Amino acid sequence: MWAASCLASCCASCTCGLCTSAAAGISRRSARLAYCGLFALSLVLSWILREVAAPLLEQIPWINTFTRTPPKEWFQTNAVLRLSLGNFLFFMVLALMMIGVKDQNDKRVSWHHGGWILKIVVWAVLVVLMFFLPNVFITIYETLSKFGSGFFLLVQVVLLLDFTYAWNDSWVEKDEQKWYIALLSVSGLCYIATYSFSGVLFMWFNPSGHDCGLNVFFIVMTMILAFAFVVIALHPKVNGSLLPASVISVYCAYLCYSALSSEPRDYECNGLNHHSKPVSTATLVLGMLTTVLSVVYSAVRAGSSTTFLSPPSSPKSSSSKPLIEGEIESGKNDTKPVTYSYFFFYLIFALASMYSAMLLTGWSSSTSGTSEQINVGWTSVWIRICTQWATAALYVWSLVAPLIFSDREFN
């Protein structure tokens, strides 16, 4: 009980300063930034608990229920999952409260923008309470997190497609020769970068003297996908463009690299790890910071996307039906509609909480790795490869769907 109280007080002390300083004067415009700050804080706390909480969790009887104490890595994973569960419940409750918000006259709009001291207190209480739950709840959440993280990655892919199509349309609509030249130049550079980087991957992850057929398959598949994208996009019957195909190709190449670099350090075909030194604290901090920024950006971008997640009545949304509909429809003429879906905004943060926990625990695939390795292991490899294949499938579908469903309108 003493260890649990100590751990709870540590979590609470990290947020008490926030209650009086950061929450006092948050305006309507800065509300989204405040949620980002709270989410980033949760990730930093997760990382801290991952490094220091294991000895405390070992002393808590309802957590360490084993006749033979598990390795340190099990308690590190358990600490991250418990904080992540509190974070998930906080954002999920807010998401459920915001279902059906359509216009600014809804009193729940003020709940979204205000009440920050109460929100931070509730968040801290939820996080602390998670450390009093039996392990079975954490095991269930761990399983659900893998599915939630997969959905979060799919949302990222949809947002990337949204971005590339919007970028292409903005340049084409200018209808000037210099913009067409710019479009062709960027597309060419992207394809040069894709195939050049693929060649580098062959050198890094296919060392001579080893049978690295799986790595070769991943790299060759990436190159085939890049070639297939441009062939399909430029087909006379497909209303495609070169720029989205090239950008998606670069992203697929990045996913291939991310997958291969996540292979275990002792794997003979991971050439990077054979020449790398042990991970330093500075490298871990930089890696964690990059993870925080990327997850926060994805959550904010997804939650406030005006093409995919905004209500059709939003002034910034297109006239066509979005691919992912929000909970909000056109309001009355005498009301001012909200500019983005509050429900999806919180939902994406909840899913991002699951995703960040999977990153910090290596998708909970093993408890035998060292604490210096973040997001390393065969589960991480296959998650990224499957994300690459899902990206390719969604992009190809966006090209061929208008041919299959010719009676429907597509952006």
# chains A, B, ... in the order shown; residues from 1 in each chain; ligands from 1
>>> residues_around(residues="region 254-264 of chain A", least_positions_apart="3", cutoff="6 Å", atoms="only C-alpha atoms", output="short mmCIF file (atom, residue, chain, number, x, y, z; two decimals) with all heavy atoms, in the first residue's frame")
data_model
loop_
_atom_site.label_atom_id
_atom_site.label_comp_id
_atom_site.auth_asym_id
_atom_site.auth_seq_id
_atom_site.Cartn_x
_atom_site.Cartn_y
_atom_site.Cartn_z
N TYR A 251 6.41 7.80 -48.67
CA TYR A 251 5.93 7.37 -47.36
C TYR A 251 6.06 5.86 -47.20
O TYR A 251 6.42 5.38 -46.12
CB TYR A 251 4.47 7.80 -47.19
CG TYR A 251 3.89 7.45 -45.84
CD1 TYR A 251 4.40 7.99 -44.67
CD2 TYR A 251 2.82 6.56 -45.73
CE1 TYR A 251 3.87 7.68 -43.43
CE2 TYR A 251 2.29 6.23 -44.50
CZ TYR A 251 2.81 6.79 -43.35
OH TYR A 251 2.29 6.45 -42.12
N TYR A 267 19.56 -9.40 -34.59
CA TYR A 267 19.22 -10.04 -35.86
C TYR A 267 20.34 -9.77 -36.86
O TYR A 267 20.73 -8.63 -37.08
CB TYR A 267 17.89 -9.50 -36.37
CG TYR A 267 17.40 -10.11 -37.66
CD1 TYR A 267 17.39 -11.50 -37.82
CD2 TYR A 267 16.96 -9.32 -38.71
CE1 TYR A 267 16.94 -12.07 -39.00
CE2 TYR A 267 16.49 -9.88 -39.89
CZ TYR A 267 16.48 -11.25 -40.03
OH TYR A 267 16.05 -11.82 -41.20
N VAL A 376 11.02 -1.72 -30.63
CA VAL A 376 11.88 -2.68 -31.31
C VAL A 376 11.33 -4.07 -31.10
O VAL A 376 10.93 -4.42 -29.99
CB VAL A 376 13.33 -2.58 -30.78
CG1 VAL A 376 14.19 -3.69 -31.36
CG2 VAL A 376 13.94 -1.23 -31.12
N GLY A 377 11.31 -4.86 -32.16
CA GLY A 377 10.82 -6.23 -32.07
C GLY A 377 10.06 -6.61 -33.32
O GLY A 377 9.68 -5.76 -34.14
N TRP A 378 9.82 -7.90 -33.48
CA TRP A 378 9.17 -8.39 -34.69
C TRP A 378 7.73 -7.91 -34.80
O TRP A 378 7.22 -7.71 -35.92
CB TRP A 378 9.24 -9.91 -34.75
CG TRP A 378 10.61 -10.39 -35.11
CD1 TRP A 378 11.49 -11.05 -34.30
CD2 TRP A 378 11.28 -10.23 -36.36
NE1 TRP A 378 12.67 -11.31 -34.97
CE2 TRP A 378 12.56 -10.82 -36.24
CE3 TRP A 378 10.93 -9.64 -37.57
CZ2 TRP A 378 13.48 -10.84 -37.29
CZ3 TRP A 378 11.84 -9.65 -38.62
CH2 TRP A 378 13.10 -10.24 -38.48
N VAL A 381 7.90 -4.62 -36.40
CA VAL A 381 8.23 -4.77 -37.82
C VAL A 381 6.97 -5.04 -38.63
O VAL A 381 6.69 -4.36 -39.64
CB VAL A 381 9.25 -5.90 -38.02
CG1 VAL A 381 9.45 -6.18 -39.51
CG2 VAL A 381 10.59 -5.53 -37.36
N ARG A 384 4.40 -2.15 -39.00
CA ARG A 384 4.77 -1.15 -39.99
C ARG A 384 4.62 -1.67 -41.42
O ARG A 384 4.19 -0.94 -42.31
CB ARG A 384 6.20 -0.68 -39.74
CG ARG A 384 6.24 0.39 -38.68
CD ARG A 384 7.59 0.56 -38.05
NE ARG A 384 7.60 1.76 -37.23
CZ ARG A 384 6.94 1.89 -36.08
NH1 ARG A 384 6.22 0.89 -35.63
NH2 ARG A 384 6.98 3.01 -35.40
#
>>> residues_around(residues="region 165-169 of chain A", least_positions_apart="6", cutoff="10 Å", atoms="only C-alpha atoms", output="PyMOL selection string")
chain A and resi 159+180+183+240-245+307+411
>>> closest_residue(among="A:Leu403, A:Ile224, A:Val44, A:Cys269", to="Trp204 (chain A)", atoms="only C-alpha atoms")
A:Cys269
>>> residues_around(residues="Gly86 (chain A)", least_positions_apart="4", cutoff="9 Å", atoms="only C-alpha atoms", output="PyMOL selection string")
chain A and resi 81-82+90-91+123-130
>>> closest_residue(among="A:Met354, A:Ala392, A:Met203, A:Ala79", to="Phe147 (chain A)", atoms="only C-alpha atoms")
A:Met354
>>> closest_residue(among="A:Leu201, A:Tyr141, A:Arg108, A:Val247", to="Val186 (chain A)", atoms="only C-alpha atoms")
A:Val247
>>> atom_distance(atom1="CA of Arg50 (chain A)", atom2="CA of Leu360 (chain A)")
8.2 Å
